[in-house]
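Undergrad: Please find entry.tsv (TSV, C-alpha atoms) on the next line:
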```tsv
chain	number	residue	atom	x	y	z
A	531	MET	CA	43.59	-1.07	-66.81
A	532	GLY	CA	44.34	-1.56	-70.49
A	533	ALA	CA	41.89	-2.27	-73.29
A	534	LYS	CA	42.95	-5.93	-73.49
A	535	GLN	CA	42.42	-6.42	-69.76
A	536	LYS	CA	38.93	-4.85	-69.91
A	537	LYS	CA	38.02	-7.10	-72.82
A	538	ALA	CA	39.23	-10.20	-70.96
A	539	LEU	CA	37.25	-9.17	-67.82
A	540	LYS	CA	33.99	-8.78	-69.80
A	541	LYS	CA	34.57	-12.16	-71.41
A	542	ASN	CA	35.03	-13.85	-68.02
A	543	LEU	CA	31.85	-12.17	-66.62
A	544	LYS	CA	29.77	-13.42	-69.57
A	545	LYS	CA	31.18	-16.90	-69.08
A	546	VAL	CA	30.30	-16.96	-65.36
A	547	SER	CA	26.78	-15.59	-65.90
A	548	SER	CA	26.07	-18.20	-68.56
A	549	GLN	CA	26.91	-20.98	-66.11
A	550	LEU	CA	24.40	-19.77	-63.49
A	551	PRO	CA	21.05	-21.65	-63.48
A	552	VAL	CA	18.18	-19.67	-64.96
A	553	PRO	CA	14.79	-20.27	-63.25
A	554	SER	CA	12.08	-21.40	-65.62
A	555	ASP	CA	9.29	-19.55	-63.79
A	556	LYS	CA	8.78	-17.25	-60.83
A	557	LYS	CA	7.23	-19.97	-58.65
A	558	GLY	CA	10.32	-22.13	-58.80
A	559	ALA	CA	12.77	-19.28	-58.20
A	560	ALA	CA	15.19	-19.79	-55.32
A	561	ASP	CA	14.90	-17.55	-52.27
A	562	PHE	CA	18.68	-17.41	-51.75
A	563	LEU	CA	21.95	-18.83	-53.10
A	564	PRO	CA	24.40	-20.55	-50.71
A	565	LEU	CA	27.72	-18.76	-50.18
A	566	GLU	CA	29.70	-21.94	-50.80
A	567	GLY	CA	28.02	-22.46	-54.15
A	568	GLY	CA	25.55	-25.03	-55.33
A	569	PRO	CA	21.90	-24.89	-56.33
A	570	GLY	CA	19.51	-22.31	-54.91
A	571	ARG	CA	17.34	-23.12	-51.90
A	572	LYS	CA	13.77	-22.34	-50.95
A	573	LEU	CA	12.79	-21.14	-47.49
A	574	THR	CA	10.51	-23.47	-45.56
A	575	GLU	CA	6.99	-22.12	-45.20
A	576	GLU	CA	6.07	-21.50	-41.57
A	577	LYS	CA	2.53	-22.45	-40.66
A	578	PRO	CA	0.62	-19.89	-38.55
A	579	LEU	CA	0.40	-20.73	-34.86
A	580	VAL	CA	-2.97	-22.12	-33.80
A	581	ASN	CA	-4.30	-21.01	-30.42
A	582	LYS	CA	-5.23	-24.04	-28.28
A	583	ALA	CA	-5.30	-22.32	-24.86
A	584	THR	CA	-8.63	-22.71	-23.06
A	585	VAL	CA	-7.60	-21.86	-19.47
A	586	LEU	CA	-7.60	-18.26	-18.23
A	587	TYR	CA	-5.95	-16.73	-15.16
A	588	ILE	CA	-8.08	-14.04	-13.54
A	589	GLY	CA	-6.46	-11.78	-10.94
A	590	ARG	CA	-7.71	-8.99	-8.63
A	591	ILE	CA	-11.12	-10.62	-8.12
A	592	PRO	CA	-13.20	-8.46	-5.73
A	593	HIS	CA	-14.96	-9.78	-2.63
A	594	GLY	CA	-18.51	-10.88	-3.33
A	595	PHE	CA	-17.63	-12.01	-6.85
A	596	TYR	CA	-17.40	-15.72	-6.13
A	597	GLU	CA	-18.00	-18.97	-8.05
A	598	LYS	CA	-21.71	-18.45	-8.60
A	599	GLU	CA	-21.28	-14.87	-9.78
A	600	MET	CA	-18.33	-15.74	-12.02
A	601	GLN	CA	-20.29	-18.60	-13.61
A	602	ALA	CA	-23.21	-16.29	-14.41
A	603	PHE	CA	-21.01	-13.43	-15.68
A	604	PHE	CA	-18.54	-15.29	-17.90
A	605	SER	CA	-21.08	-17.73	-19.33
A	606	GLN	CA	-22.32	-14.88	-21.55
A	607	PHE	CA	-19.18	-15.37	-23.67
A	608	GLY	CA	-19.53	-19.12	-24.12
A	609	ALA	CA	-19.74	-22.52	-22.46
A	610	ILE	CA	-17.61	-22.86	-19.31
A	611	LYS	CA	-16.09	-26.23	-18.60
A	612	ARG	CA	-15.00	-25.48	-15.02
A	613	LEU	CA	-13.82	-22.62	-12.83
A	614	ARG	CA	-12.34	-22.18	-9.41
A	615	ILE	CA	-11.30	-19.41	-7.03
A	616	ALA	CA	-8.18	-19.84	-4.92
A	617	ARG	CA	-9.21	-19.84	-1.26
A	618	ASN	CA	-7.50	-19.93	2.11
A	619	LYS	CA	-7.70	-23.50	3.41
A	620	LYS	CA	-8.10	-22.32	7.00
A	621	THR	CA	-10.61	-19.47	6.67
A	622	GLY	CA	-12.16	-20.21	3.27
A	623	GLN	CA	-11.69	-16.58	2.22
A	624	SER	CA	-10.96	-15.69	-1.41
A	625	LYS	CA	-7.33	-15.03	-2.40
A	626	HIS	CA	-8.52	-12.64	-5.14
A	627	PHE	CA	-7.45	-14.81	-8.08
A	628	GLY	CA	-8.84	-17.82	-9.88
A	629	PHE	CA	-9.00	-19.83	-13.11
A	630	ILE	CA	-11.64	-20.45	-15.79
A	631	GLU	CA	-11.58	-23.11	-18.49
A	632	PHE	CA	-13.75	-22.70	-21.60
A	633	ASN	CA	-14.70	-25.40	-24.08
A	634	ASP	CA	-13.66	-23.29	-27.10
A	635	PRO	CA	-10.14	-21.75	-27.44
A	636	GLU	CA	-11.55	-18.88	-29.54
A	637	VAL	CA	-13.95	-17.94	-26.74
A	638	ALA	CA	-11.08	-17.96	-24.22
A	639	GLU	CA	-9.07	-15.63	-26.47
A	640	VAL	CA	-12.02	-13.23	-26.81
A	641	VAL	CA	-12.52	-13.18	-23.03
A	642	ALA	CA	-8.82	-12.44	-22.44
A	643	ASP	CA	-8.92	-9.52	-24.90
A	644	ALA	CA	-12.23	-8.11	-23.65
A	645	MET	CA	-11.84	-8.53	-19.87
A	646	HIS	CA	-8.18	-7.66	-19.30
A	647	GLY	CA	-8.14	-4.29	-17.58
A	648	TYR	CA	-11.93	-4.36	-17.04
A	649	LEU	CA	-13.11	-2.34	-14.03
A	650	LEU	CA	-15.29	-4.50	-11.77
A	651	PHE	CA	-16.36	-3.27	-8.32
A	652	GLU	CA	-13.40	-0.85	-8.18
A	653	HIS	CA	-10.99	-3.67	-9.10
A	654	ILE	CA	-9.14	-3.76	-12.43
A	655	LEU	CA	-9.22	-7.40	-13.54
A	656	GLN	CA	-6.07	-9.07	-14.80
A	657	VAL	CA	-7.00	-11.73	-17.37
A	658	HIS	CA	-4.37	-13.79	-19.23
A	659	LEU	CA	-4.38	-16.92	-21.36
A	660	ILE	CA	-2.36	-19.84	-19.98
A	661	PRO	CA	-0.65	-21.97	-22.66
A	662	PRO	CA	-1.60	-25.68	-22.41
A	663	GLU	CA	1.99	-26.67	-21.63
A	664	HIS	CA	2.02	-24.27	-18.63
A	665	VAL	CA	-1.23	-25.53	-17.05
A	666	HIS	CA	-0.30	-27.34	-13.84
A	667	PRO	CA	-1.62	-30.94	-13.76
A	668	LYS	CA	-2.94	-30.38	-10.21
A	669	LEU	CA	-4.75	-27.16	-11.06
A	670	TRP	CA	-8.22	-28.71	-10.93
A	671	ARG	CA	-7.50	-31.28	-8.22
A	672	GLY	CA	-10.02	-31.00	-5.39
A	673	PHE	CA	-12.18	-28.75	-7.55
A	674	ASN	CA	-15.63	-28.30	-6.01
A	675	PRO	CA	-18.00	-25.71	-7.54
A	676	ARG	CA	-20.28	-25.97	-4.48
A	677	TYR	CA	-17.54	-25.06	-2.02
A	678	LYS	CA	-18.76	-23.39	1.17
A	679	PRO	CA	-16.39	-21.28	3.27
A	680	VAL	CA	-15.71	-22.45	6.83
A	681	ASP	CA	-17.99	-20.80	9.41
A	682	ARG	CA	-15.34	-19.63	11.86
A	683	VAL	CA	-17.96	-18.27	14.30
A	684	GLN	CA	-19.54	-21.72	14.58
A	685	VAL	CA	-16.14	-23.36	15.05
A	686	GLU	CA	-15.17	-20.95	17.86
A	687	ARG	CA	-18.58	-21.38	19.50
A	688	LYS	CA	-18.17	-25.16	19.62
A	689	LEU	CA	-14.65	-24.77	20.97
A	690	GLN	CA	-15.80	-22.41	23.71
A	691	ASN	CA	-18.81	-24.50	24.75
A	692	LYS	CA	-17.17	-27.91	24.73
A	693	GLU	CA	-17.03	-29.94	27.95
A	694	ARG	CA	-13.70	-29.74	29.79
A	695	THR	CA	-12.11	-31.83	32.50
A	696	LEU	CA	-10.76	-30.16	35.67
A	697	GLU	CA	-7.23	-30.48	34.28
A	698	GLU	CA	-8.20	-28.78	31.01
A	699	HIS	CA	-9.95	-26.02	32.94
A	700	LYS	CA	-6.84	-25.45	35.08
A	701	LYS	CA	-4.68	-25.05	31.95
A	702	LEU	CA	-7.19	-22.59	30.52
A	703	VAL	CA	-7.05	-20.46	33.71
A	704	GLU	CA	-3.21	-20.48	33.67
A	705	LYS	CA	-3.23	-19.28	30.07
A	706	ILE	CA	-5.57	-16.40	31.00
A	707	LEU	CA	-3.33	-15.36	33.91
A	708	LYS	CA	-0.18	-15.40	31.74
A	709	ARG	CA	-1.91	-13.28	29.12
A	710	ASP	CA	-2.98	-10.81	31.82
A	711	GLN	CA	0.59	-10.51	33.16
A	712	LYS	CA	1.96	-9.75	29.67
A	713	ARG	CA	-0.71	-7.10	29.18
A	714	ARG	CA	0.21	-5.42	32.48
A	715	LYS	CA	3.92	-5.35	31.56
A	716	ARG	CA	3.22	-3.76	28.17
A	717	ILE	CA	1.11	-1.05	29.81
A	718	GLU	CA	3.82	-0.29	32.40
A	719	ALA	CA	6.54	-0.20	29.71
A	720	ALA	CA	4.50	2.36	27.79
A	721	GLY	CA	4.38	4.63	30.88
A	722	ILE	CA	0.58	4.54	31.12
A	723	GLU	CA	-0.99	4.78	34.55
A	724	TYR	CA	-3.84	2.30	34.46
A	725	GLU	CA	-5.27	0.01	37.09
A	726	CYS	CA	-5.95	-3.29	35.45
A	727	PRO	CA	-8.99	-5.15	36.80
A	728	GLU	CA	-7.91	-7.92	39.11
A	729	ILE	CA	-8.75	-11.52	38.41
A	730	VAL	CA	-10.32	-12.75	41.63
A	731	GLY	CA	-8.27	-15.65	43.00
A	732	ASN	CA	-5.70	-17.73	41.23
A	733	VAL	CA	-8.32	-20.24	40.18
A	734	MET	CA	-11.27	-19.22	38.06
A	735	PRO	CA	-14.75	-20.43	39.06
A	736	ALA	CA	-15.53	-23.87	37.73
A	737	PRO	CA	-17.36	-23.79	34.41
A	738	LYS	CA	-20.93	-24.96	34.07
A	739	LYS	CA	-19.93	-27.87	31.86
A	740	ILE	CA	-17.28	-30.09	33.45
A	741	LYS	CA	-16.65	-33.65	32.37
A	742	PHE	CA	-15.74	-35.75	35.41
A	743	ASN	CA	-13.63	-38.83	35.02
A	744	GLU	CA	-15.47	-41.93	36.10
A	745	GLY	CA	-13.35	-43.77	38.65
```
How does the structure come out when it is put into structure tokens?
TA:
Amino acid sequence: MGAKQKKALKKNLKKVSSQLPVPSDKKGAADFLPLEGGPGRKLTEEKPLVNKATVLYIGRIPHGFYEKEMQAFFSQFGAIKRLRIARNKKTGQSKHFGFIEFNDPEVAEVVADAMHGYLLFEHILQVHLIPPEHVHPKLWRGFNPRYKPVDRVQVERKLQNKERTLEEHKKLVEKILKRDQKRRKRIEAAGIEYECPEIVGNVMPAPKKIKFNEG
């Protein structure tokens, strides 16, 4: 490159730099310049995300740690709006997970940080915040803090002691005989020599409580 060409190049660079906008202060300086030219642009300021989650998922809940115990334990962090433990509809037994809703989002966040991985009765709790948009609308439907599990012993006792008609009693005896035949076949298939106790007669003795049809 000759001396004249170098001189012309420097002249063009000075001309281009003089045409560029010079910021008056640091506050108004552009963050970047568009590739296609034009004035500089400022990046939009992103506001910090605000935590609004108040519902917690709690997993691996041990037996014996039910609604009353959870209410007493977690209320030490702050006011509890409502809580529930998922239960089997048939037996009423705990499914080992549940949900708690606090009045204050900050309290819910502290509980999630403090109780996640906490060892309770040989169970490591799993505690997570649930974003408001992920909370199912039916989560608290049918919520009853005074829920009592079904007493299966009482239900079976009533079923066993109920009054039966002669027809119902006959069906019950047939079911017992079929069950006995299946048991005998399984024992024979296993090659076990065992004399099963005989059920006397094809018809069982009439029960004490029989409901007769009035005719």
Undergrad: Take atom CA of A:Ala719 and atom CA of A:Lys705 and report the distance between them in Å, one decimal.
TA: 21.4 Å
Undergrad: Would you list the contacts of A:Arg617 as a list in words, taking every protein, DNA or RNA residue within 9 Å and counting only C-alpha atoms, but skipping same-chain residues closer than 6 positions in sequence?
TA: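 Contacts, with the query itself left out: Gln623, Ser624, Lys625, His626, Phe627, Gly628 and Pro679 of chain A.
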Undergrad: To one decimal in Å, tell me the separation between atom CA of A:Leu613 and atom CA of A:Glu597.
TA: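 Going from atom CA of A:Leu613 over to atom CA of A:Glu597, I get 7.3 Å.
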Undergrad: Using only C-alpha atoms, which of the listed residues (A:Ala609, A:Pro592, A:Lys541, A:Arg713) sits closest to A:Glu652?
TA: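 Between A:Ala609, A:Pro592, A:Lys541, A:Arg713, the residue approaching A:Glu652 most closely is A:Pro592.
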Undergrad: Mind checking which residues fall within 12 Å of A:Gly672, counting all atoms listed in the file, ignoring those fewer than 5 positions away in the same chain, and posting them as a PyMOL selection string?
TA: chain A and resi 613-617+619+667+677
Undergrad: With a distance cut-off of 10 Å and only C-alpha atoms, select the neighbouring residues of A:Met645, excluding the residue or stretch itself and same-chain residues fewer than 5 positions from it, and output the selection as a list of chain:residue names.
TA: A:Ile588, A:Phe604, A:Val640, A:Leu650, A:Ile654, A:Leu655, A:Gln656, A:Val657, A:His658
